[in-house]
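Raw target.pdb, PDB, C-alpha atoms:
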```pdb
ATOM      1  CA  MET S   5       4.474 -14.669 -22.237
ATOM      2  CA  GLY S   6       0.954 -15.775 -23.050
ATOM      3  CA  GLY S   7      -0.891 -14.409 -20.031
ATOM      4  CA  ASN S   8      -4.193 -12.593 -20.361
ATOM      5  CA  LEU S   9      -5.013 -10.113 -17.600
ATOM      6  CA  SER S  10      -8.263  -9.051 -19.213
ATOM      7  CA  ARG S  11      -9.772 -12.529 -18.807
ATOM      8  CA  LEU S  12      -9.889 -11.937 -15.051
ATOM      9  CA  ALA S  13     -12.230  -9.004 -15.601
ATOM     10  CA  THR S  14     -14.897 -11.343 -17.015
ATOM     11  CA  ALA S  15     -15.314 -13.290 -13.751
ATOM     12  CA  ALA S  16     -18.763 -13.163 -12.180
ATOM     13  CA  ASN S  17     -17.854 -14.397  -8.684
ATOM     14  CA  LEU S  18     -14.922 -15.419  -6.475
ATOM     15  CA  ASP S  19     -14.911 -19.020  -7.723
ATOM     16  CA  GLU S  20     -14.571 -17.843 -11.325
ATOM     17  CA  GLN S  21     -11.859 -15.381 -10.293
ATOM     18  CA  GLN S  22      -9.843 -18.243  -8.792
ATOM     19  CA  ALA S  23     -10.349 -20.481 -11.816
ATOM     20  CA  LEU S  24      -9.365 -17.764 -14.274
ATOM     21  CA  PHE S  25      -6.321 -16.823 -12.224
ATOM     22  CA  ASP S  26      -5.140 -20.446 -12.141
ATOM     23  CA  ARG S  27      -5.615 -20.750 -15.895
ATOM     24  CA  HIS S  28      -4.402 -17.429 -17.244
ATOM     25  CA  LEU S  29      -2.028 -15.849 -14.712
ATOM     26  CA  ALA S  30      -0.526 -18.319 -12.249
ATOM     27  CA  PRO S  31       1.519 -20.180 -14.925
ATOM     28  CA  LEU S  32       3.296 -16.933 -15.856
ATOM     29  CA  PHE S  33       5.224 -16.957 -12.596
ATOM     30  CA  ASP S  34       6.950 -20.212 -13.582
ATOM     31  CA  HIS S  35       8.084 -18.794 -16.949
ATOM     32  CA  PRO S  36      11.923 -18.695 -17.097
ATOM     33  CA  LEU S  37      11.961 -15.106 -18.424
ATOM     34  CA  LEU S  38       9.709 -13.798 -15.672
ATOM     35  CA  ARG S  39      11.712 -15.635 -13.024
ATOM     36  CA  PHE S  40      14.903 -14.097 -14.435
ATOM     37  CA  LEU S  41      13.489 -10.555 -14.499
ATOM     38  CA  ALA S  42      11.974 -10.839 -11.016
ATOM     39  CA  ARG S  43      15.444 -11.304  -9.548
ATOM     40  CA  ARG S  44      16.916  -8.185 -11.190
ATOM     41  CA  PRO S  45      16.906  -5.188  -8.789
ATOM     42  CA  ALA S  46      17.342  -2.729 -11.671
ATOM     43  CA  MET S  47      14.262  -4.080 -13.429
ATOM     44  CA  LEU S  48      12.109  -3.746 -10.307
ATOM     45  CA  TYR S  49      13.525  -0.285  -9.568
ATOM     46  CA  SER S  50      12.234   0.844 -12.970
ATOM     47  CA  MET S  51       8.773  -0.304 -11.817
ATOM     48  CA  GLY S  52       8.932   1.772  -8.622
ATOM     49  CA  ILE S  53      10.521  -0.713  -6.203
ATOM     50  CA  PRO S  54      13.598   0.913  -4.589
ATOM     51  CA  PRO S  55      16.562  -1.128  -3.271
ATOM     52  CA  ALA S  56      15.384  -1.124   0.361
ATOM     53  CA  GLN S  57      11.962  -2.346  -0.698
ATOM     54  CA  PHE S  58      13.563  -4.997  -2.924
ATOM     55  CA  ALA S  59      15.568  -6.239   0.069
ATOM     56  CA  ALA S  60      12.399  -6.412   2.205
ATOM     57  CA  LEU S  61      10.599  -8.353  -0.513
ATOM     58  CA  LEU S  62      13.523 -10.727  -0.880
ATOM     59  CA  HIS S  63      13.496 -11.351   2.874
ATOM     60  CA  ASP S  64       9.760 -12.095   2.897
ATOM     61  CA  ALA S  65      10.115 -14.360  -0.137
ATOM     62  CA  ASP S  66      12.939 -16.406   1.395
ATOM     63  CA  GLY S  67      14.741 -15.873  -1.897
ATOM     64  CA  ASP S  68      11.857 -16.884  -4.193
ATOM     65  CA  LEU S  69      10.512 -13.564  -5.473
ATOM     66  CA  PRO S  70       8.405 -15.054  -8.293
ATOM     67  CA  ALA S  71       6.482 -17.094  -5.722
ATOM     68  CA  LEU S  72       5.920 -13.964  -3.605
ATOM     69  CA  PHE S  73       4.710 -11.999  -6.621
ATOM     70  CA  ARG S  74       2.380 -14.850  -7.596
ATOM     71  CA  GLU S  75       0.838 -14.864  -4.116
ATOM     72  CA  ARG S  76       0.300 -11.093  -4.140
ATOM     73  CA  MET S  77      -1.243 -11.243  -7.582
ATOM     74  CA  ARG S  78      -3.434 -14.111  -6.366
ATOM     75  CA  ARG S  79      -4.663 -11.953  -3.455
ATOM     76  CA  LEU S  80      -5.583  -9.153  -5.844
ATOM     77  CA  ALA S  81      -7.287 -11.540  -8.260
ATOM     78  CA  CYS S  82      -9.030 -13.899  -5.859
ATOM     79  CA  ASP S  83      -9.514 -12.544  -2.323
ATOM     80  CA  PHE S  84     -11.949  -9.704  -3.068
ATOM     81  CA  PRO S  85     -14.968  -9.525  -5.417
ATOM     82  CA  LEU S  86     -13.993  -7.681  -8.580
ATOM     83  CA  ALA S  87     -17.241  -5.731  -8.414
ATOM     84  CA  ASP S  88     -16.072  -4.046  -5.191
ATOM     85  CA  ASN S  89     -12.376  -3.604  -5.910
ATOM     86  CA  PRO S  90     -11.258  -0.618  -8.011
ATOM     87  CA  TYR S  91      -7.598  -1.730  -7.726
ATOM     88  CA  ALA S  92      -8.426  -5.011  -9.456
ATOM     89  CA  GLN S  93     -10.597  -3.205 -12.006
ATOM     90  CA  GLN S  94      -7.579  -1.136 -13.048
ATOM     91  CA  ALA S  95      -5.165  -4.078 -12.987
ATOM     92  CA  PHE S  96      -7.225  -6.472 -15.062
ATOM     93  CA  ALA S  97      -9.674  -4.366 -17.099
ATOM     94  CA  ARG S  98      -7.380  -1.298 -17.396
ATOM     95  CA  ARG S  99     -10.389   0.859 -16.495
ATOM     96  CA  TYR S 100     -13.048   1.317 -13.838
ATOM     97  CA  ASP S 101     -16.469  -0.261 -14.210
ATOM     98  CA  THR S 102     -18.359   3.031 -14.388
ATOM     99  CA  GLY S 103     -21.712   1.252 -14.418
ATOM    100  CA  ARG S 104     -21.212   0.017 -10.868
ATOM    101  CA  GLN S 105     -20.648   2.527  -8.051
ATOM    102  CA  SER S 106     -19.002  -0.040  -5.759
ATOM    103  CA  ALA S 107     -16.329  -0.669  -8.391
ATOM    104  CA  LEU S 108     -15.166   2.955  -8.215
ATOM    105  CA  PRO S 109     -12.742   4.517  -5.719
ATOM    106  CA  MET S 110     -14.610   6.302  -2.939
ATOM    107  CA  TYR S 111     -13.607   9.723  -4.267
ATOM    108  CA  LEU S 112     -15.372   8.952  -7.571
ATOM    109  CA  GLN S 113     -18.538   7.505  -6.058
ATOM    110  CA  GLN S 114     -21.627   9.641  -6.490
ATOM    111  CA  GLN S 115     -22.596   9.422  -2.823
ATOM    112  CA  HIS S 116     -19.407  11.274  -1.799
ATOM    113  CA  TYR S 117     -19.494  13.968  -4.484
ATOM    114  CA  ALA S 118     -21.283  16.605  -2.442
ATOM    115  CA  ALA S 119     -18.959  16.192   0.549
ATOM    116  CA  ILE S 120     -15.843  16.369  -1.636
ATOM    117  CA  ARG S 121     -17.102  19.471  -3.409
ATOM    118  CA  GLU S 122     -18.025  21.145  -0.119
ATOM    119  CA  HIS S 123     -14.711  20.460   1.581
ATOM    120  CA  SER S 124     -12.320  20.795  -1.365
ATOM    121  CA  PRO S 125     -11.285  24.363  -0.325
ATOM    122  CA  ARG S 126      -9.775  22.829   2.805
ATOM    123  CA  LEU S 127      -7.176  20.982   0.703
ATOM    124  CA  HIS S 128      -3.796  22.692   0.346
ATOM    125  CA  SER S 129      -0.803  21.505  -1.660
ATOM    126  CA  HIS S 130       2.815  22.090  -0.608
ATOM    127  CA  HIS S 131       5.853  21.615  -2.836
ATOM    128  CA  CYS S 132       8.321  20.315  -0.249
ATOM    129  CA  THR S 133       9.190  17.171   1.651
ATOM    130  CA  LEU S 134       6.840  16.103   4.416
ATOM    131  CA  THR S 135       9.620  16.587   6.942
ATOM    132  CA  ASP S 136      10.175  20.173   5.795
ATOM    133  CA  PHE S 137       6.435  20.826   5.984
ATOM    134  CA  LEU S 138       6.248  19.532   9.553
ATOM    135  CA  VAL S 139       9.192  21.653  10.708
ATOM    136  CA  ASN S 140       6.997  24.717  10.310
ATOM    137  CA  ARG S 141       3.972  23.295  12.137
ATOM    138  CA  PRO S 142       3.262  23.978  15.835
ATOM    139  CA  SER S 143       3.889  21.248  18.369
ATOM    140  CA  HIS S 144       0.970  18.917  19.153
ATOM    141  CA  SER S 145      -1.082  20.401  16.312
ATOM    142  CA  LEU S 146      -1.855  17.409  14.064
ATOM    143  CA  ASP S 147      -3.841  14.238  14.604
ATOM    144  CA  ALA S 148      -3.536  12.178  11.383
ATOM    145  CA  TYR S 149      -0.677  11.272   9.041
ATOM    146  CA  LEU S 150      -0.802   9.074   5.921
ATOM    147  CA  PHE S 151       2.515   8.018   4.399
ATOM    148  CA  LEU S 152       1.513   5.399   1.783
ATOM    149  CA  ASP S 153       4.792   3.480   1.213
ATOM    150  CA  ALA S 154       7.083   6.532   1.146
ATOM    151  CA  GLN S 155       9.197   5.283   4.046
ATOM    152  CA  ASP S 156      10.416   2.352   1.931
ATOM    153  CA  TRP S 157      12.425   4.929  -0.026
ATOM    154  CA  MET S 158      14.054   6.554   3.018
ATOM    155  CA  ASP S 159      17.443   5.871   4.573
ATOM    156  CA  ASP S 160      17.797   5.788   8.365
ATOM    157  CA  ALA S 161      18.631   9.490   8.658
ATOM    158  CA  GLN S 162      15.607  10.542   6.605
ATOM    159  CA  LEU S 163      13.295   8.163   8.473
ATOM    160  CA  ASN S 164      14.402   9.442  11.886
ATOM    161  CA  ALA S 165      14.239  13.088  10.814
ATOM    162  CA  LEU S 166      10.657  12.553   9.661
ATOM    163  CA  TRP S 167       9.564  10.792  12.834
ATOM    164  CA  ARG S 168      11.166  13.356  15.127
ATOM    165  CA  GLU S 169       8.936  15.967  13.495
ATOM    166  CA  VAL S 170       5.922  13.662  13.502
ATOM    167  CA  THR S 171       6.399  13.023  17.217
ATOM    168  CA  ARG S 172       6.807  16.731  17.940
ATOM    169  CA  THR S 173       3.762  17.829  15.918
ATOM    170  CA  ALA S 174       1.462  14.934  16.868
ATOM    171  CA  ALA S 175      -1.275  15.508  19.430
ATOM    172  CA  SER S 176      -1.995  12.828  22.009
ATOM    173  CA  GLY S 177      -3.815   9.976  20.279
ATOM    174  CA  ALA S 178      -2.688  11.037  16.785
ATOM    175  CA  ARG S 179      -2.577   8.242  14.237
ATOM    176  CA  VAL S 180      -0.055   7.382  11.536
ATOM    177  CA  VAL S 181      -0.960   4.894   8.802
ATOM    178  CA  PHE S 182       1.400   3.509   6.165
ATOM    179  CA  ARG S 183       2.009   0.543   3.890
ATOM    180  CA  THR S 184       5.247  -1.375   3.373
ATOM    181  CA  GLY S 185       6.505  -3.528   0.518
ATOM    182  CA  GLY S 186       7.733  -6.107   3.016
ATOM    183  CA  SER S 187       5.687  -7.379   5.920
ATOM    184  CA  ALA S 188       7.755  -5.759   8.683
ATOM    185  CA  SER S 189       7.450  -2.163   9.879
ATOM    186  CA  PRO S 190      10.735  -0.239   9.471
ATOM    187  CA  LEU S 191      10.087   1.567  12.758
ATOM    188  CA  GLU S 192      10.818  -1.496  14.867
ATOM    189  CA  THR S 193      14.463  -1.780  13.835
ATOM    190  CA  ARG S 194      15.433   1.602  12.378
ATOM    191  CA  LEU S 195      13.809   4.254  14.552
ATOM    192  CA  ALA S 196      15.717   5.806  17.468
ATOM    193  CA  PRO S 197      14.462   4.218  20.728
ATOM    194  CA  GLN S 198      13.484   7.548  22.306
ATOM    195  CA  VAL S 199      11.294   8.359  19.304
ATOM    196  CA  ARG S 200       9.812   4.861  19.014
ATOM    197  CA  ALA S 201       8.856   4.951  22.705
ATOM    198  CA  ALA S 202       6.300   7.693  22.012
ATOM    199  CA  TRP S 203       4.197   5.402  19.823
ATOM    200  CA  CYS S 204       2.203   2.206  20.261
ATOM    201  CA  THR S 205       0.991  -0.318  17.697
ATOM    202  CA  ASP S 206      -0.960  -3.587  17.694
ATOM    203  CA  PRO S 207       0.616  -6.228  15.398
ATOM    204  CA  ASP S 208      -2.565  -8.331  15.353
ATOM    205  CA  HIS S 209      -4.652  -5.333  14.288
ATOM    206  CA  ASN S 210      -2.049  -4.454  11.659
ATOM    207  CA  ARG S 211      -2.314  -7.954  10.206
ATOM    208  CA  GLU S 212      -6.090  -7.550  10.039
ATOM    209  CA  LEU S 213      -5.690  -4.214   8.249
ATOM    210  CA  HIS S 214      -3.384  -5.890   5.751
ATOM    211  CA  ARG S 215      -5.868  -8.725   5.226
ATOM    212  CA  ARG S 216      -8.532  -6.138   4.347
ATOM    213  CA  ASP S 217      -6.263  -4.111   2.024
ATOM    214  CA  ARG S 218      -7.798  -4.481  -1.438
ATOM    215  CA  ALA S 219      -4.699  -3.071  -3.156
ATOM    216  CA  ALA S 220      -3.239  -6.487  -2.226
ATOM    217  CA  ILE S 221       0.274  -5.928  -3.567
ATOM    218  CA  TYR S 222       1.789  -4.625  -0.319
ATOM    219  CA  GLY S 223       3.311  -6.750   2.403
ATOM    220  CA  GLY S 224       1.982  -4.817   5.388
ATOM    221  CA  VAL S 225      -0.374  -2.089   6.604
ATOM    222  CA  HIS S 226       0.628  -0.441   9.881
ATOM    223  CA  LEU S 227      -1.137   1.860  12.326
ATOM    224  CA  TYR S 228       0.795   3.706  15.054
ATOM    225  CA  ILE S 229      -0.907   5.784  17.768
ATOM    226  CA  LYS S 230       0.768   8.582  19.740
ATOM    227  CA  GLN S 231       0.823   7.892  23.449
ATOM    228  CA  THR S 232       0.181  10.615  26.017
TER     229      THR S 232
END
```
So, in terms of structure tokens, how does the structure I just supplied come out?
Amino acid sequence: MGGNLSRLATAANLDEQQALFDRHLAPLFDHPLLRFLARRPAMLYSMGIPPAQFAALLHDADGDLPALFRERMRRLACDFPLADNPYAQQAFARRYDTGRQSALPMYLQQQHYAAIREHSPRLHSHHCTLTDFLVNRPSHSLDAYLFLDAQDWMDDAQLNALWREVTRTAASGARVVFRTGGSASPLETRLAPQVRAAWCTDPDHNRELHRRDRAAIYGGVHLYIKQT
């Protein structure tokens, strides 16, 4: 469609990033073919956006998904210096800038190598669902959970089964962090009240976390803390 992602990688500062985005990427989102494809659930599912996530995106977009996608691409392209954003490096250059440590993910930065090597034996993989893993853990034994955007793929039964085990296994003050395709947390409308009551969250802080999220393509970042 005539766009050129790689041109963004040549920007030297935020002003150039904005100018190059306006010239080379923003017009794509008005292209009739892109607008047609953006409204096809099957097309987005093939890119890793499940039906529930599609519905959340559609709600946030007020029906105009191409405009929502343009804004999220703009955030990735313009809101963070490319030199410090490995997500943008991959999106626009299709590689990391290996000559600049700040352009690498933390786990590839030289300053963290020794710590990763020292603690790598503490990592253990499990071939099962997270819910099944938690079933076999003692009560009040865990203090941190990271879900990425996995909950966007879950139906209500799966979501509640997961959070019952999270609530059982979580120590007082335990934290759960996750992203969502839409802006709203699924816990506020889909979680059983007795389970939801065990957790607190700060919407203003969540919005600040989302503002700082350099991945940029998600609609929300949420932190929940287990109450005593």
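Put simply, CA of Ser124 (chain S) is 24.7 Å away from CA of Val139 (chain S).
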Mind checking which residues fall within 12 Å of region 114-116 of chain S, counting only C-alpha atoms, ignoring those fewer than 6 positions away in the same chain, and posting them as a PyMOL selection string? chain S and resi 102-108+122-124
Selection result of the PyMOL selection byres ((chain S and resi 64-78) around 7) on this file, as a PyMOL selection string: chain S and resi 30+33+39+42-43+60-63+79-82+186-187+220-221
Local residues around (-1.3, -2.9, 6.4), at most 9 Å away, using all atoms listed in the file, as a PyMOL selection string: chain S and resi 181-184+187+209-217+222-227
Taking the file above as input, evaluate the PyMOL selection byres ((chain S and resi 194) around 12) and report the hits as a PyMOL selection string. chain S and resi 155-156+158-165+167+188-193+195-200
Taking the file as shown, find all residues satisfying the PyMOL selection byres ((chain S and resi 133) around 12) and write them as JSON, numbers by chain. {"S": [129, 130, 131, 132, 134, 135, 136, 137, 138, 139, 140, 151, 154, 158, 162, 165, 166, 169]}
Quick one: residues within 7 Å of Ala97 (chain S), all atoms listed in the file, excluding same-chain residues fewer than 3 positions away - as JSON, numbers by chain? {"S": [10, 13, 93, 94]}
